[in-house]
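Shown below: final08.pdb, with PDB, C-alpha atoms, pLDDT in the B column.
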ATOM      1  CA  MET A   9     -20.459  83.927   2.729  1.00 50.00           C
ATOM      2  CA  SER A  10     -19.815  80.315   3.680  1.00 48.00           C
ATOM      3  CA  LYS A  11     -20.921  77.285   1.725  1.00 55.00           C
ATOM      4  CA  SER A  12     -21.442  73.795   3.033  1.00 53.00           C
ATOM      5  CA  VAL A  13     -20.458  70.709   1.089  1.00 57.00           C
ATOM      6  CA  GLU A  14     -22.108  67.323   1.459  1.00 56.00           C
ATOM      7  CA  VAL A  15     -19.651  64.456   1.102  1.00 55.00           C
ATOM      8  CA  VAL A  16     -20.782  60.959   0.213  1.00 53.00           C
ATOM      9  CA  ILE A  17     -18.348  58.047   0.423  1.00 54.00           C
ATOM     10  CA  VAL A  18     -18.546  55.696  -2.565  1.00 53.00           C
ATOM     11  CA  PRO A  19     -16.623  52.413  -2.113  1.00 52.00           C
ATOM     12  CA  ASP A  20     -14.732  51.160  -5.167  1.00 51.00           C
ATOM     13  CA  GLU A  21     -16.483  47.771  -5.156  1.00 52.00           C
ATOM     14  CA  ASP A  22     -19.793  49.506  -5.958  1.00 49.00           C
ATOM     15  CA  ILE A  23     -18.418  51.077  -9.128  1.00 49.00           C
ATOM     16  CA  PRO A  24     -19.429  49.123 -12.237  1.00 49.00           C
ATOM     17  CA  PRO A  25     -16.738  48.115 -14.748  1.00 49.00           C
ATOM     18  CA  LYS A  26     -15.879  50.780 -17.321  1.00 47.00           C
ATOM     19  CA  GLY A  27     -18.321  50.934 -20.199  1.00 47.00           C
ATOM     20  CA  GLN A  28     -21.196  49.369 -18.237  1.00 45.00           C
ATOM     21  CA  PRO A  29     -23.789  51.950 -17.140  1.00 45.00           C
ATOM     22  CA  ASP A  30     -25.446  51.564 -13.763  1.00 45.00           C
ATOM     23  CA  ASP A  31     -28.490  53.763 -13.109  1.00 42.00           C
ATOM     24  CA  SER A  32     -28.214  53.296  -9.323  1.00 42.00           C
ATOM     25  CA  HIS A  33     -24.690  54.749  -9.282  1.00 47.00           C
ATOM     26  CA  GLU A  34     -23.749  58.386  -9.482  1.00 46.00           C
ATOM     27  CA  GLU A  35     -22.794  59.979 -12.765  1.00 64.00           C
ATOM     28  CA  GLY A  36     -19.686  61.768 -11.614  1.00 83.00           C
ATOM     29  CA  VAL A  37     -17.168  64.060 -13.156  1.00 94.00           C
ATOM     30  CA  GLU A  38     -13.644  64.125 -11.747  1.00 94.00           C
ATOM     31  CA  VAL A  39     -12.724  67.607 -10.548  1.00 95.00           C
ATOM     32  CA  PRO A  40      -9.043  68.501 -11.010  1.00 95.00           C
ATOM     33  CA  LEU A  41      -7.454  69.644  -7.746  1.00 95.00           C
ATOM     34  CA  ASP A  42      -6.063  72.802  -9.339  1.00 94.00           C
ATOM     35  CA  ARG A  43      -9.641  73.876 -10.167  1.00 94.00           C
ATOM     36  CA  ILE A  44     -10.731  73.805  -6.504  1.00 95.00           C
ATOM     37  CA  ASN A  45     -10.140  76.807  -4.254  1.00 96.00           C
ATOM     38  CA  PRO A  46      -7.635  75.655  -1.562  1.00 96.00           C
ATOM     39  CA  ASP A  47      -9.944  76.728   1.288  1.00 96.00           C
ATOM     40  CA  ILE A  48     -12.885  74.854  -0.224  1.00 95.00           C
ATOM     41  CA  LEU A  49     -10.713  71.779  -0.809  1.00 97.00           C
ATOM     42  CA  ARG A  50      -9.598  71.823   2.835  1.00 97.00           C
ATOM     43  CA  ASN A  51     -13.229  72.117   3.982  1.00 96.00           C
ATOM     44  CA  LEU A  52     -14.238  69.260   1.679  1.00 96.00           C
ATOM     45  CA  ILE A  53     -11.447  67.067   3.047  1.00 96.00           C
ATOM     46  CA  ALA A  54     -12.299  68.027   6.650  1.00 94.00           C
ATOM     47  CA  GLU A  55     -15.937  67.071   6.065  1.00 93.00           C
ATOM     48  CA  PHE A  56     -14.825  63.756   4.548  1.00 92.00           C
ATOM     49  CA  VAL A  57     -12.443  63.044   7.429  1.00 91.00           C
ATOM     50  CA  THR A  58     -14.965  63.791  10.171  1.00 88.00           C
ATOM     51  CA  ARG A  59     -17.571  61.582   8.525  1.00 85.00           C
ATOM     52  CA  GLU A  60     -15.220  58.754   7.583  1.00 77.00           C
ATOM     53  CA  TRP A  61     -13.225  58.533  10.801  1.00 73.00           C
ATOM     54  CA  GLU A  62     -15.675  58.878  13.663  1.00 68.00           C
ATOM     55  CA  GLU A  63     -13.061  57.557  16.086  1.00 59.00           C
ATOM     56  CA  LEU A  64     -11.131  60.818  15.672  1.00 55.00           C
ATOM     57  CA  GLY A  65     -11.367  61.600  19.402  1.00 59.00           C
ATOM     58  CA  ASP A  66      -9.827  58.224  20.287  1.00 60.00           C
ATOM     59  CA  SER A  67      -7.135  58.440  17.644  1.00 68.00           C
ATOM     60  CA  ARG A  68      -3.511  59.338  18.040  1.00 79.00           C
ATOM     61  CA  TYR A  69      -3.925  61.527  14.949  1.00 81.00           C
ATOM     62  CA  THR A  70      -5.305  65.045  14.966  1.00 85.00           C
ATOM     63  CA  LEU A  71      -7.879  66.336  12.507  1.00 87.00           C
ATOM     64  CA  ASP A  72      -5.091  68.230  10.749  1.00 92.00           C
ATOM     65  CA  ASP A  73      -3.015  65.027  10.484  1.00 91.00           C
ATOM     66  CA  LYS A  74      -5.908  63.228   8.820  1.00 90.00           C
ATOM     67  CA  ILE A  75      -6.666  66.157   6.511  1.00 93.00           C
ATOM     68  CA  ASP A  76      -3.001  66.176   5.458  1.00 95.00           C
ATOM     69  CA  GLN A  77      -3.122  62.409   4.864  1.00 93.00           C
ATOM     70  CA  VAL A  78      -6.159  62.647   2.554  1.00 94.00           C
ATOM     71  CA  HIS A  79      -4.679  65.697   0.793  1.00 96.00           C
ATOM     72  CA  ARG A  80      -1.485  63.705   0.080  1.00 97.00           C
ATOM     73  CA  GLN A  81      -3.574  60.832  -1.288  1.00 96.00           C
ATOM     74  CA  LEU A  82      -5.370  63.269  -3.584  1.00 97.00           C
ATOM     75  CA  GLN A  83      -2.062  64.706  -4.800  1.00 96.00           C
ATOM     76  CA  GLU A  84      -0.634  61.204  -5.320  1.00 96.00           C
ATOM     77  CA  ARG A  85      -3.777  60.254  -7.292  1.00 94.00           C
ATOM     78  CA  LYS A  86      -4.678  57.503  -4.827  1.00 95.00           C
ATOM     79  CA  ALA A  87      -7.978  59.361  -4.378  1.00 95.00           C
ATOM     80  CA  LYS A  88      -9.937  61.903  -6.382  1.00 95.00           C
ATOM     81  CA  VAL A  89     -12.698  64.480  -5.991  1.00 96.00           C
ATOM     82  CA  VAL A  90     -15.807  63.639  -7.994  1.00 95.00           C
ATOM     83  CA  PHE A  91     -18.824  65.879  -8.604  1.00 94.00           C
ATOM     84  CA  ASP A  92     -22.036  63.821  -8.772  1.00 92.00           C
ATOM     85  CA  LEU A  93     -24.287  65.198 -11.509  1.00 89.00           C
ATOM     86  CA  ASN A  94     -27.394  63.520 -10.071  1.00 89.00           C
ATOM     87  CA  THR A  95     -27.138  64.851  -6.529  1.00 90.00           C
ATOM     88  CA  ASN A  96     -24.981  67.954  -7.100  1.00 90.00           C
ATOM     89  CA  THR A  97     -22.587  66.860  -4.359  1.00 91.00           C
ATOM     90  CA  CYS A  98     -18.834  66.393  -4.219  1.00 92.00           C
ATOM     91  CA  ASN A  99     -17.315  63.121  -3.089  1.00 89.00           C
ATOM     92  CA  ILE A 100     -13.807  61.906  -2.327  1.00 93.00           C
ATOM     93  CA  VAL A 101     -13.341  58.409  -3.677  1.00 92.00           C
ATOM     94  CA  THR A 102     -10.414  56.067  -3.996  1.00 91.00           C
ATOM     95  CA  CYS A 103      -8.948  55.601  -7.441  1.00 89.00           C
ATOM     96  CA  GLU A 104      -9.327  52.217  -9.104  1.00 75.00           C
ATOM     97  CA  GLY A 105      -7.285  49.559  -7.353  1.00 62.00           C
ATOM     98  CA  LYS A 106      -6.215  51.857  -4.489  1.00 54.00           C
ATOM     99  CA  ASN A 107      -8.205  51.227  -1.302  1.00 57.00           C
ATOM    100  CA  ASP A 108      -6.078  52.860   1.398  1.00 56.00           C
ATOM    101  CA  LEU A 109      -8.212  55.931   2.168  1.00 56.00           C
TER     102      LEU A 109
END
Could you show the structure in this file as structure tokens?
Amino acid sequence: MSKSVEVVIVPDEDIPPKGQPDDSHEEGVEVPLDRINPDILRNLIAEFVTREWEELGDSRYTLDDKIDQVHRQLQERKAKVVFDLNTNTCNIVTCEGKNDL
């Protein structure tokens, strides 16, 4: 049985400062990478990559190259997986102060 995952990109500049609630922003919970099935994580990253980089066909990088790049950024804590409690979706977002996704 396959499951689809909706990925929503949330830019850092839209995140309110810590301690200041914002009703228009998601209420997310960071999901540790070791708690995500590797196949599901790869599918989540692939969905993120294909949505984020529409120029994939014109790029010198393959889909696998870009998936590997995002996976490295997740492992290096430059990005994280967040589960949005309001929409029940998973997102990949950059970590505070790291905008190179």
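If you look at CA of Cys103 (chain A) and CA of Glu38 (chain A), they are 10.6 Å away from each other.
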Evaluating the PyMOL selection byres ((chain A and resi 65-82) around 10) on the displayed file yields which residues, as a short mmCIF file (atom, residue, chain, number, x, y, z; two decimals) with C-alpha atoms, keeping the file's coordinate frame?
data_model
loop_
_atom_site.label_atom_id
_atom_site.label_comp_id
_atom_site.auth_asym_id
_atom_site.auth_seq_id
_atom_site.Cartn_x
_atom_site.Cartn_y
_atom_site.Cartn_z
CA PRO A 40 -9.04 68.50 -11.01
CA LEU A 41 -7.45 69.64 -7.75
CA LEU A 49 -10.71 71.78 -0.81
CA ARG A 50 -9.60 71.82 2.84
CA ASN A 51 -13.23 72.12 3.98
CA LEU A 52 -14.24 69.26 1.68
CA ILE A 53 -11.45 67.07 3.05
CA ALA A 54 -12.30 68.03 6.65
CA GLU A 55 -15.94 67.07 6.06
CA PHE A 56 -14.82 63.76 4.55
CA VAL A 57 -12.44 63.04 7.43
CA THR A 58 -14.96 63.79 10.17
CA TRP A 61 -13.22 58.53 10.80
CA GLU A 62 -15.68 58.88 13.66
CA GLU A 63 -13.06 57.56 16.09
CA LEU A 64 -11.13 60.82 15.67
CA GLN A 83 -2.06 64.71 -4.80
CA GLU A 84 -0.63 61.20 -5.32
CA ARG A 85 -3.78 60.25 -7.29
CA LYS A 86 -4.68 57.50 -4.83
CA ALA A 87 -7.98 59.36 -4.38
CA LYS A 88 -9.94 61.90 -6.38
CA VAL A 89 -12.70 64.48 -5.99
CA ILE A 100 -13.81 61.91 -2.33
CA VAL A 101 -13.34 58.41 -3.68
CA THR A 102 -10.41 56.07 -4.00
CA CYS A 103 -8.95 55.60 -7.44
CA LYS A 106 -6.22 51.86 -4.49
CA ASP A 108 -6.08 52.86 1.40
CA LEU A 109 -8.21 55.93 2.17
#
Practice item. For CA of Pro46 (chain A) and CA of Leu93 (chain A), quote the distance in Å rounded to one decimal. Key: 22.0 Å
Practice item. Counting all atoms listed in the file, figure out which residue out of A:Arg59, A:Asn94, A:Asn99, A:Glu104 gets nearest to Val39 (chain A). Key: A:Asn99
